[in-house]
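Have a look at data05.csv; it's CSV, C-alpha atoms:
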chain,number,residue,atom,x,y,z
A,1,MET,CA,0.0,0.0,0.0
A,2,THR,CA,2.9,2.4,0.5
A,3,HIS,CA,3.4,2.8,-3.2
A,4,GLU,CA,0.0,4.6,-3.5
A,5,GLN,CA,1.1,7.7,-1.6
A,6,PRO,CA,3.6,9.0,-4.1
A,7,SER,CA,1.1,8.5,-6.9
A,8,ASP,CA,-1.5,10.5,-4.9
A,9,GLN,CA,1.0,13.3,-4.4
A,10,HIS,CA,2.0,13.2,-8.1
A,11,ARG,CA,-1.6,14.0,-9.0
A,12,TYR,CA,-1.4,17.3,-7.2
A,13,HIS,CA,1.7,18.8,-8.8
A,14,HIS,CA,2.2,22.3,-10.0
A,15,GLY,CA,0.2,23.9,-7.1
A,16,ASP,CA,-2.9,21.8,-7.6
A,17,LEU,CA,-2.7,20.5,-4.0
A,18,GLU,CA,-3.2,23.9,-2.4
A,19,ASN,CA,-6.3,24.4,-4.4
A,20,THR,CA,-7.5,20.9,-3.6
A,21,LEU,CA,-7.0,21.4,0.1
A,22,ARG,CA,-8.9,24.7,0.1
A,23,SER,CA,-11.7,23.1,-1.8
A,24,VAL,CA,-11.9,20.1,0.5
A,25,ALA,CA,-11.7,22.3,3.6
A,26,ALA,CA,-14.6,24.4,2.4
A,27,ASP,CA,-16.7,21.3,1.5
A,28,LEU,CA,-15.9,19.8,4.9
A,29,ILE,CA,-17.0,22.9,6.7
A,30,ALA,CA,-20.2,23.2,4.7
A,31,GLU,CA,-21.0,19.6,5.6
A,32,ARG,CA,-19.9,19.5,9.3
A,33,GLY,CA,-19.6,23.1,10.3
A,34,VAL,CA,-16.4,24.7,11.7
A,35,ALA,CA,-16.5,22.4,14.7
A,36,GLY,CA,-16.1,19.4,12.4
A,37,PHE,CA,-13.0,20.8,10.6
A,38,SER,CA,-9.6,19.2,11.1
A,39,LEU,CA,-6.4,19.1,9.1
A,40,ARG,CA,-6.3,15.3,9.4
A,41,GLU,CA,-9.8,14.9,7.9
A,42,VAL,CA,-9.0,17.4,5.1
A,43,ALA,CA,-5.9,15.3,4.3
A,44,ARG,CA,-7.8,12.1,4.3
A,45,ARG,CA,-10.5,13.4,1.9
A,46,ALA,CA,-7.8,14.9,-0.4
A,47,GLY,CA,-6.0,11.5,-0.4
A,48,VAL,CA,-2.7,12.9,0.8
A,49,SER,CA,-0.6,12.4,3.9
A,50,HIS,CA,-1.8,13.9,7.1
A,51,ALA,CA,1.2,16.3,7.1
A,52,ALA,CA,0.4,17.7,3.7
A,53,PRO,CA,-2.0,20.5,4.8
A,54,GLY,CA,0.5,21.7,7.4
A,55,HIS,CA,3.3,21.7,4.9
A,56,HIS,CA,1.3,24.1,2.6
A,57,PHE,CA,-0.5,26.2,5.1
A,58,GLY,CA,1.4,25.9,8.4
A,59,ASP,CA,-1.6,25.0,10.6
A,60,ALA,CA,-5.4,25.0,10.8
A,61,SER,CA,-5.5,28.8,11.0
A,62,GLY,CA,-3.4,29.0,7.9
A,63,LEU,CA,-5.7,26.8,5.9
A,64,LEU,CA,-8.9,28.5,7.2
A,65,THR,CA,-7.3,31.9,6.4
A,66,ALA,CA,-6.7,30.7,2.8
A,67,VAL,CA,-10.4,29.7,2.6
A,68,ALA,CA,-11.5,33.1,3.9
A,69,ILE,CA,-9.3,34.8,1.4
A,70,GLU,CA,-11.0,32.8,-1.3
A,71,ALA,CA,-14.4,33.7,0.1
A,72,PHE,CA,-13.7,37.4,-0.2
A,73,THR,CA,-12.3,36.9,-3.7
A,74,HIS,CA,-15.4,35.1,-4.8
A,75,LEU,CA,-17.5,37.9,-3.3
A,76,ARG,CA,-15.5,40.7,-5.0
A,77,GLU,CA,-15.7,38.9,-8.4
A,78,ALA,CA,-19.4,38.2,-8.1
A,79,THR,CA,-20.5,41.6,-6.9
A,80,SER,CA,-18.3,43.4,-9.5
A,81,ALA,CA,-19.8,41.3,-12.3
A,82,ALA,CA,-23.4,41.9,-11.0
A,83,ILE,CA,-23.1,45.7,-11.2
A,84,GLU,CA,-21.1,45.9,-14.5
A,85,GLY,CA,-23.0,48.1,-16.9
A,86,VAL,CA,-25.7,49.0,-14.4
A,87,ASP,CA,-25.9,52.8,-14.0
A,88,ASP,CA,-29.0,53.4,-12.0
A,89,PRO,CA,-27.9,53.7,-8.3
A,90,SER,CA,-30.9,51.8,-6.9
A,91,ASP,CA,-30.4,49.0,-9.4
A,92,ARG,CA,-26.7,48.8,-8.7
A,93,LEU,CA,-27.3,48.4,-5.0
A,94,ALA,CA,-30.0,45.8,-5.5
A,95,MET,CA,-27.9,43.7,-7.9
A,96,LEU,CA,-24.9,43.9,-5.5
A,97,ALA,CA,-27.1,42.7,-2.6
A,98,ARG,CA,-28.5,39.8,-4.6
A,99,ALA,CA,-25.0,38.7,-5.7
A,100,TYR,CA,-23.7,39.0,-2.2
A,101,VAL,CA,-26.2,36.6,-0.6
A,102,GLU,CA,-26.1,34.2,-3.6
A,103,VAL,CA,-22.4,33.9,-3.3
A,104,ALA,CA,-22.7,33.1,0.4
A,105,THR,CA,-25.5,30.5,-0.1
A,106,THR,CA,-23.7,28.7,-2.9
A,107,ASN,CA,-20.4,28.7,-1.0
A,108,PRO,CA,-21.5,28.0,2.6
A,109,GLY,CA,-18.2,26.6,3.8
A,110,HIS,CA,-16.4,29.8,2.7
A,111,CYS,CA,-19.1,32.0,4.2
A,112,ALA,CA,-18.8,30.1,7.5
A,113,VAL,CA,-15.2,31.1,8.0
A,114,ALA,CA,-14.9,34.5,6.3
A,115,PHE,CA,-15.7,36.4,9.5
A,116,ARG,CA,-14.4,34.0,12.1
A,117,HIS,CA,-11.7,36.2,13.4
A,118,ASP,CA,-11.2,33.8,16.3
A,119,LEU,CA,-10.0,31.2,13.8
A,120,LEU,CA,-8.0,33.2,11.3
A,121,ASN,CA,-4.6,34.9,11.0
A,122,ASN,CA,-6.2,38.3,11.1
A,123,ASP,CA,-2.9,40.2,10.3
A,124,ASP,CA,-2.4,38.2,7.1
A,125,PRO,CA,-1.8,40.8,4.4
A,126,ALA,CA,-3.6,38.8,1.8
A,127,LEU,CA,-6.6,38.4,4.0
A,128,LEU,CA,-6.7,42.1,4.8
A,129,ALA,CA,-6.4,43.0,1.1
A,130,ALA,CA,-9.1,40.6,0.0
A,131,GLY,CA,-11.5,41.9,2.6
A,132,ASP,CA,-10.8,45.5,1.7
A,133,GLN,CA,-11.3,44.8,-2.0
A,134,ALA,CA,-14.6,43.1,-1.4
A,135,PHE,CA,-15.8,46.0,0.8
A,136,ALA,CA,-14.6,48.5,-1.8
A,137,VAL,CA,-17.0,47.2,-4.4
A,138,LEU,CA,-19.9,48.0,-2.0
A,139,SER,CA,-18.5,51.3,-0.8
A,140,ASP,CA,-18.1,52.4,-4.5
A,141,VAL,CA,-21.8,51.5,-5.1
A,142,VAL,CA,-22.8,53.6,-2.1
A,143,GLN,CA,-20.5,56.4,-3.2
A,144,HIS,CA,-22.4,56.4,-6.5
A,145,VAL,CA,-25.7,56.7,-4.5
A,146,ALA,CA,-24.2,59.7,-2.7
A,147,ASP,CA,-22.9,61.3,-6.0
A,148,THR,CA,-26.3,60.8,-7.7
A,149,VAL,CA,-28.9,61.6,-5.1
A,150,ASN,CA,-27.5,62.6,-1.7
A,151,PRO,CA,-24.1,64.2,-1.3
A,152,ASP,CA,-24.6,64.3,2.5
A,153,LEU,CA,-24.8,60.5,2.7
A,154,ASP,CA,-22.2,59.0,5.1
A,155,VAL,CA,-20.7,56.6,2.7
A,156,ILE,CA,-18.6,54.5,5.1
A,157,ASN,CA,-21.3,54.0,7.7
A,158,THR,CA,-24.0,53.4,5.0
A,159,SER,CA,-21.7,50.8,3.5
A,160,ARG,CA,-21.3,49.2,6.9
A,161,LEU,CA,-25.1,49.2,7.3
A,162,CYS,CA,-25.6,47.5,3.9
A,163,TRP,CA,-22.9,44.9,4.6
A,164,SER,CA,-24.4,44.1,8.0
A,165,SER,CA,-27.9,43.8,6.5
A,166,MET,CA,-26.8,41.4,3.8
A,167,GLN,CA,-24.8,39.3,6.3
A,168,GLY,CA,-27.6,39.3,8.7
A,169,LEU,CA,-30.0,38.1,6.0
A,170,ILE,CA,-27.7,35.2,5.3
A,171,GLU,CA,-27.9,34.2,9.0
A,172,LEU,CA,-31.6,34.7,9.5
A,173,HIS,CA,-33.2,33.6,6.2
A,174,PRO,CA,-33.4,29.9,7.2
A,175,SER,CA,-35.1,30.8,10.5
A,176,MET,CA,-37.5,33.1,8.7
A,177,THR,CA,-38.6,30.2,6.6
A,178,VAL,CA,-39.1,27.9,9.6
A,179,VAL,CA,-40.9,30.5,11.7
A,180,SER,CA,-43.2,31.4,8.8
A,181,LYS,CA,-44.2,27.8,8.3
A,182,HIS,CA,-44.8,27.4,12.0
A,183,ARG,CA,-47.1,30.4,12.0
A,184,GLY,CA,-48.9,29.4,8.9
A,185,GLU,CA,-47.7,32.5,7.1
A,186,ALA,CA,-46.4,32.8,3.6
A,187,ALA,CA,-42.8,31.8,3.2
A,188,PRO,CA,-40.4,34.7,2.8
A,189,PRO,CA,-39.1,35.3,-0.8
A,190,PRO,CA,-36.0,33.4,-1.9
A,191,ILE,CA,-33.0,35.0,-0.3
A,192,GLY,CA,-31.8,36.7,-3.5
A,193,ASP,CA,-35.2,38.3,-4.1
A,194,LEU,CA,-35.4,39.4,-0.5
A,195,ALA,CA,-32.0,40.9,-0.6
A,196,GLU,CA,-33.0,42.9,-3.6
A,197,ILE,CA,-36.2,44.1,-1.9
A,198,MET,CA,-34.3,45.1,1.2
A,199,ALA,CA,-31.7,47.0,-0.8
A,200,ARG,CA,-34.3,49.0,-2.6
A,201,GLN,CA,-36.1,49.8,0.7
A,202,ALA,CA,-32.7,50.9,2.1
A,203,TYR,CA,-32.1,53.0,-1.0
A,204,ALA,CA,-35.4,54.8,-0.5
A,205,GLY,CA,-34.1,55.8,2.9
A,206,PHE,CA,-30.9,57.1,1.5
A,207,GLU,CA,-32.6,59.7,-0.6
A,208,PRO,CA,-32.9,63.2,1.0

Could you quickly redo this structure as structure tokens?
Amino acid sequence: MTHEQPSDQHRYHHGDLENTLRSVAADLIAERGVAGFSLREVARRAGVSHAAPGHHFGDASGLLTAVAIEAFTHLREATSAAIEGVDDPSDRLAMLARAYVEVATTNPGHCAVAFRHDLLNNDDPALLAAGDQAFAVLSDVVQHVADTVNPDLDVINTSRLCWSSMQGLIELHPSMTVVSKHRGEAAPPPIGDLAEIMARQAYAGFEP
């Protein structure tokens, strides 16, 4: 059986192993939650030695930080694509909100660790840059609102409000569905639709 290990490692040459380990880690977290994450289980699922994740990422925090960086990269790319070519400030905010929650719901493992500062290497320059770049897409959209309809709008704090609202919706939407069913009420709209509704309601409040 020992001859299988080199062949496994050979499959992950030229940097593929790092991508594989990030992907496996995100899938494991989506399945078991952060509490069910371990480097040993990641290695087992990736088909490599138990020391391989540590070799590439140092420790559990290193691998989780890499997953968080990837989460913010996905978010930046998706929100940037969603607003491309959209000039109306209300539409831009609505499309960004929809993209934000849809990225999180389609990448639950990434979403679960992106803001877990107790688990991450918070001073990692790549993590800081990735978070800043994702936030910059939102703050640019809010700046466009200010430039278009309300020059007195507090762009930074309004951006924080929008980010908090979207992240809160991700956390609460499953409970909204359960509670609505228990009460015999209509289910809330799908999370993307609800994010757009909330963004447009928020935009109405941003106008002077």

Would you work out the distance separating CA of Ile69 (chain A) from CA of Asp27 (chain A), expressed in Å to one decimal?
15.4 Å

Per-residue nearest contacts of region 46-137 of chain A to region 167-184 of chain A (8 Å; all atoms listed in the file) as JSON lines:
{"residue": "A:Val101", "atom": "CA", "partner": "A:Ile170", "partner_atom": "CA", "distance": 6.2}
{"residue": "A:Ala104", "atom": "CA", "partner": "A:Ile170", "partner_atom": "CA", "distance": 7.3}
{"residue": "A:Thr105", "atom": "CA", "partner": "A:Ile170", "partner_atom": "CA", "distance": 7.5}

Please, what distance in Å, to one decimal, runs between CA of Arg76 (chain A) and CA of Val34 (chain A)?
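Separation between CA of Arg76 (chain A) and CA of Val34 (chain A): 23.1 Å.
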
Which residues, written as a compact mmCIF listing (two decimals) with C-alpha atoms, in the frame of the given file, have at least one atom at most 7 Å from region 119-132 of chain A, with only C-alpha atoms counted and residues fewer than 6 positions away on the same chain left out?
# COMPACT_ATOMS: atom_id res chain seq x y z
CA SER A 61 -5.50 28.80 11.00
CA GLY A 62 -3.40 29.00 7.90
CA LEU A 64 -8.90 28.50 7.20
CA THR A 65 -7.30 31.90 6.40
CA ILE A 69 -9.30 34.80 1.40
CA PHE A 72 -13.70 37.40 -0.20
CA THR A 73 -12.30 36.90 -3.70

In Å, how far is it from CA of Gln143 (chain A) to CA of Pro208 (chain A)?
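Straight-line distance from CA of Gln143 (chain A) to CA of Pro208 (chain A) works out to 14.8 Å.
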
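Shortest atom-to-atom contact with Phe115 (chain A) among A:Leu153, A:Ala71, A:Val137, A:Ala60: A:Ala71, counting only C-alpha atoms.
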
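Counting only C-alpha atoms, the residue from A:Arg22, A:Arg40, A:His144, A:Arg45 that sits nearest to Asp88 (chain A) is A:His144.
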
Find the residues around Gln201 (chain A) up to 12 Å (all atoms listed in the file counted), leave out those fewer than 3 positions away in its own chain, and share them as a list in words.
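After dropping sequence-adjacent residues, the list is Ser90, Asp91, Leu93, Ala94, Ala97, Cys162, Ser165, Leu194, Ala195, Glu196, Ile197, Met198, Ala204, Gly205, Phe206 and Glu207 of chain A.
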
Could you dump the residues just selected with C-alpha atoms as a compact mmCIF listing (two decimals), in the coordinates of the input?
# COMPACT_ATOMS: atom_id res chain seq x y z
CA SER A 90 -30.90 51.80 -6.90
CA ASP A 91 -30.40 49.00 -9.40
CA LEU A 93 -27.30 48.40 -5.00
CA ALA A 94 -30.00 45.80 -5.50
CA ALA A 97 -27.10 42.70 -2.60
CA CYS A 162 -25.60 47.50 3.90
CA SER A 165 -27.90 43.80 6.50
CA LEU A 194 -35.40 39.40 -0.50
CA ALA A 195 -32.00 40.90 -0.60
CA GLU A 196 -33.00 42.90 -3.60
CA ILE A 197 -36.20 44.10 -1.90
CA MET A 198 -34.30 45.10 1.20
CA ALA A 204 -35.40 54.80 -0.50
CA GLY A 205 -34.10 55.80 2.90
CA PHE A 206 -30.90 57.10 1.50
CA GLU A 207 -32.60 59.70 -0.60

Enclose the full set of atoms of region 90-98 of chain A listed in the file within a box whose edges lie along x, y and z, apply 5 Å of padding to each of the six sides, and report centre and edge lengths in Å to one decimal as JSON.
{"center_x": -27.9, "center_y": 45.8, "center_z": -6.0, "size_x": 16.0, "size_y": 22.0, "size_z": 16.8}

Counting all atoms listed in the file, which residues come within 10 Å of (-6.8, 21.3, -1.6), with the point read in the file's coordinates, and could you list them as an MDAnalysis selection string?
chainID A and resid 12 15:26 42:43 45:48 52:53 56 63

So that I have them on file, write out the residues from the current selection with C-alpha atoms, as an mmCIF file, in the frame of the given file.
data_model
loop_
_atom_site.group_PDB
_atom_site.id
_atom_site.type_symbol
_atom_site.label_atom_id
_atom_site.label_comp_id
_atom_site.auth_asym_id
_atom_site.auth_seq_id
_atom_site.Cartn_x
_atom_site.Cartn_y
_atom_site.Cartn_z
ATOM 1 C CA TYR A 12 -1.400 17.300 -7.200
ATOM 2 C CA GLY A 15 0.200 23.900 -7.100
ATOM 3 C CA ASP A 16 -2.900 21.800 -7.600
ATOM 4 C CA LEU A 17 -2.700 20.500 -4.000
ATOM 5 C CA GLU A 18 -3.200 23.900 -2.400
ATOM 6 C CA ASN A 19 -6.300 24.400 -4.400
ATOM 7 C CA THR A 20 -7.500 20.900 -3.600
ATOM 8 C CA LEU A 21 -7.000 21.400 0.100
ATOM 9 C CA ARG A 22 -8.900 24.700 0.100
ATOM 10 C CA SER A 23 -11.700 23.100 -1.800
ATOM 11 C CA VAL A 24 -11.900 20.100 0.500
ATOM 12 C CA ALA A 25 -11.700 22.300 3.600
ATOM 13 C CA ALA A 26 -14.600 24.400 2.400
ATOM 14 C CA VAL A 42 -9.000 17.400 5.100
ATOM 15 C CA ALA A 43 -5.900 15.300 4.300
ATOM 16 C CA ARG A 45 -10.500 13.400 1.900
ATOM 17 C CA ALA A 46 -7.800 14.900 -0.400
ATOM 18 C CA GLY A 47 -6.000 11.500 -0.400
ATOM 19 C CA VAL A 48 -2.700 12.900 0.800
ATOM 20 C CA ALA A 52 0.400 17.700 3.700
ATOM 21 C CA PRO A 53 -2.000 20.500 4.800
ATOM 22 C CA HIS A 56 1.300 24.100 2.600
ATOM 23 C CA LEU A 63 -5.700 26.800 5.900
#

Tell me which of A:Arg44, A:Ala30, A:Met166, A:Asp193 sits closest to Thr106 (chain A), counting only C-alpha atoms.
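Looking at the shortest contact to Thr106 (chain A), the residue is A:Ala30.
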
Just checking: using all atoms listed in the file, which residue out of A:Arg98, A:His55, A:His74, A:His110 ends up closest to Gly33 (chain A)?
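Among A:Arg98, A:His55, A:His74, A:His110, it is A:His110 that comes nearest to Gly33 (chain A).
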
Find the residues near Thr158 (chain A): any atom within 10 Å, counting only C-alpha atoms, skip ones fewer than 5 places away on the same chain, and give them as JSON, numbers by chain.
{"A": [138, 139, 142, 143, 146, 153, 163, 164, 202, 206]}

Selected residue, from A:Asp59, A:Gly54, A:Leu161, A:Ala134, that lies nearest to Ala78 (chain A) when counting all atoms listed in the file:
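Comparing A:Asp59, A:Gly54, A:Leu161, A:Ala134 against Ala78 (chain A), the winner is A:Ala134.
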
Reconstructed N, CA and C atoms for region 53-76 of chain A, given as a compact mmCIF listing (two decimals), keeping the file's coordinate frame:
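Generated file (rebuild.txt):
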# COMPACT_ATOMS: atom_id res chain seq x y z
N PRO A 53 -1.39 19.18 4.58
CA PRO A 53 -2.00 20.50 4.80
C PRO A 53 -1.07 21.44 5.60
N GLY A 54 -0.41 20.89 6.62
CA GLY A 54 0.50 21.70 7.40
C GLY A 54 1.69 22.16 6.61
N HIS A 55 2.14 21.32 5.70
CA HIS A 55 3.30 21.70 4.90
C HIS A 55 2.96 22.90 4.00
N HIS A 56 1.72 22.97 3.50
CA HIS A 56 1.30 24.10 2.60
C HIS A 56 0.82 25.29 3.33
N PHE A 57 0.14 25.09 4.48
CA PHE A 57 -0.50 26.20 5.10
C PHE A 57 -0.08 26.46 6.56
N GLY A 58 0.81 25.66 7.07
CA GLY A 58 1.40 25.90 8.40
C GLY A 58 0.56 25.20 9.48
N ASP A 59 -0.71 25.58 9.62
CA ASP A 59 -1.60 25.00 10.60
C ASP A 59 -3.02 25.21 10.23
N ALA A 60 -3.94 24.85 11.13
CA ALA A 60 -5.40 25.00 10.80
C ALA A 60 -5.75 26.41 10.50
N SER A 61 -5.22 27.35 11.27
CA SER A 61 -5.50 28.80 11.00
C SER A 61 -5.05 29.20 9.65
N GLY A 62 -3.92 28.67 9.23
CA GLY A 62 -3.40 29.00 7.90
C GLY A 62 -4.32 28.55 6.80
N LEU A 63 -4.82 27.32 6.91
CA LEU A 63 -5.70 26.80 5.90
C LEU A 63 -7.06 27.55 5.93
N LEU A 64 -7.59 27.78 7.12
CA LEU A 64 -8.90 28.50 7.20
C LEU A 64 -8.72 29.94 6.70
N THR A 65 -7.57 30.55 6.93
CA THR A 65 -7.30 31.90 6.40
C THR A 65 -7.32 31.86 4.87
N ALA A 66 -6.74 30.83 4.29
CA ALA A 66 -6.70 30.70 2.80
C ALA A 66 -8.16 30.55 2.31
N VAL A 67 -9.01 29.81 3.02
CA VAL A 67 -10.40 29.70 2.60
C VAL A 67 -11.12 31.01 2.72
N ALA A 68 -10.85 31.77 3.78
CA ALA A 68 -11.50 33.10 3.90
C ALA A 68 -11.04 34.04 2.84
N ILE A 69 -9.78 34.00 2.46
CA ILE A 69 -9.30 34.80 1.40
C ILE A 69 -10.05 34.50 0.08
N GLU A 70 -10.22 33.21 -0.15
CA GLU A 70 -11.00 32.80 -1.30
C GLU A 70 -12.40 33.23 -1.27
N ALA A 71 -12.98 33.23 -0.06
CA ALA A 71 -14.40 33.70 0.10
C ALA A 71 -14.50 35.15 -0.32
N PHE A 72 -13.59 36.01 0.15
CA PHE A 72 -13.70 37.40 -0.20
C PHE A 72 -13.37 37.64 -1.70
N THR A 73 -12.53 36.78 -2.27
CA THR A 73 -12.30 36.90 -3.70
C THR A 73 -13.50 36.54 -4.51
N HIS A 74 -14.17 35.44 -4.13
CA HIS A 74 -15.40 35.10 -4.80
C HIS A 74 -16.43 36.25 -4.68
N LEU A 75 -16.51 36.84 -3.49
CA LEU A 75 -17.50 37.90 -3.30
C LEU A 75 -17.16 39.13 -4.14
N ARG A 76 -15.90 39.51 -4.17
CA ARG A 76 -15.50 40.70 -5.00
C ARG A 76 -15.82 40.40 -6.47
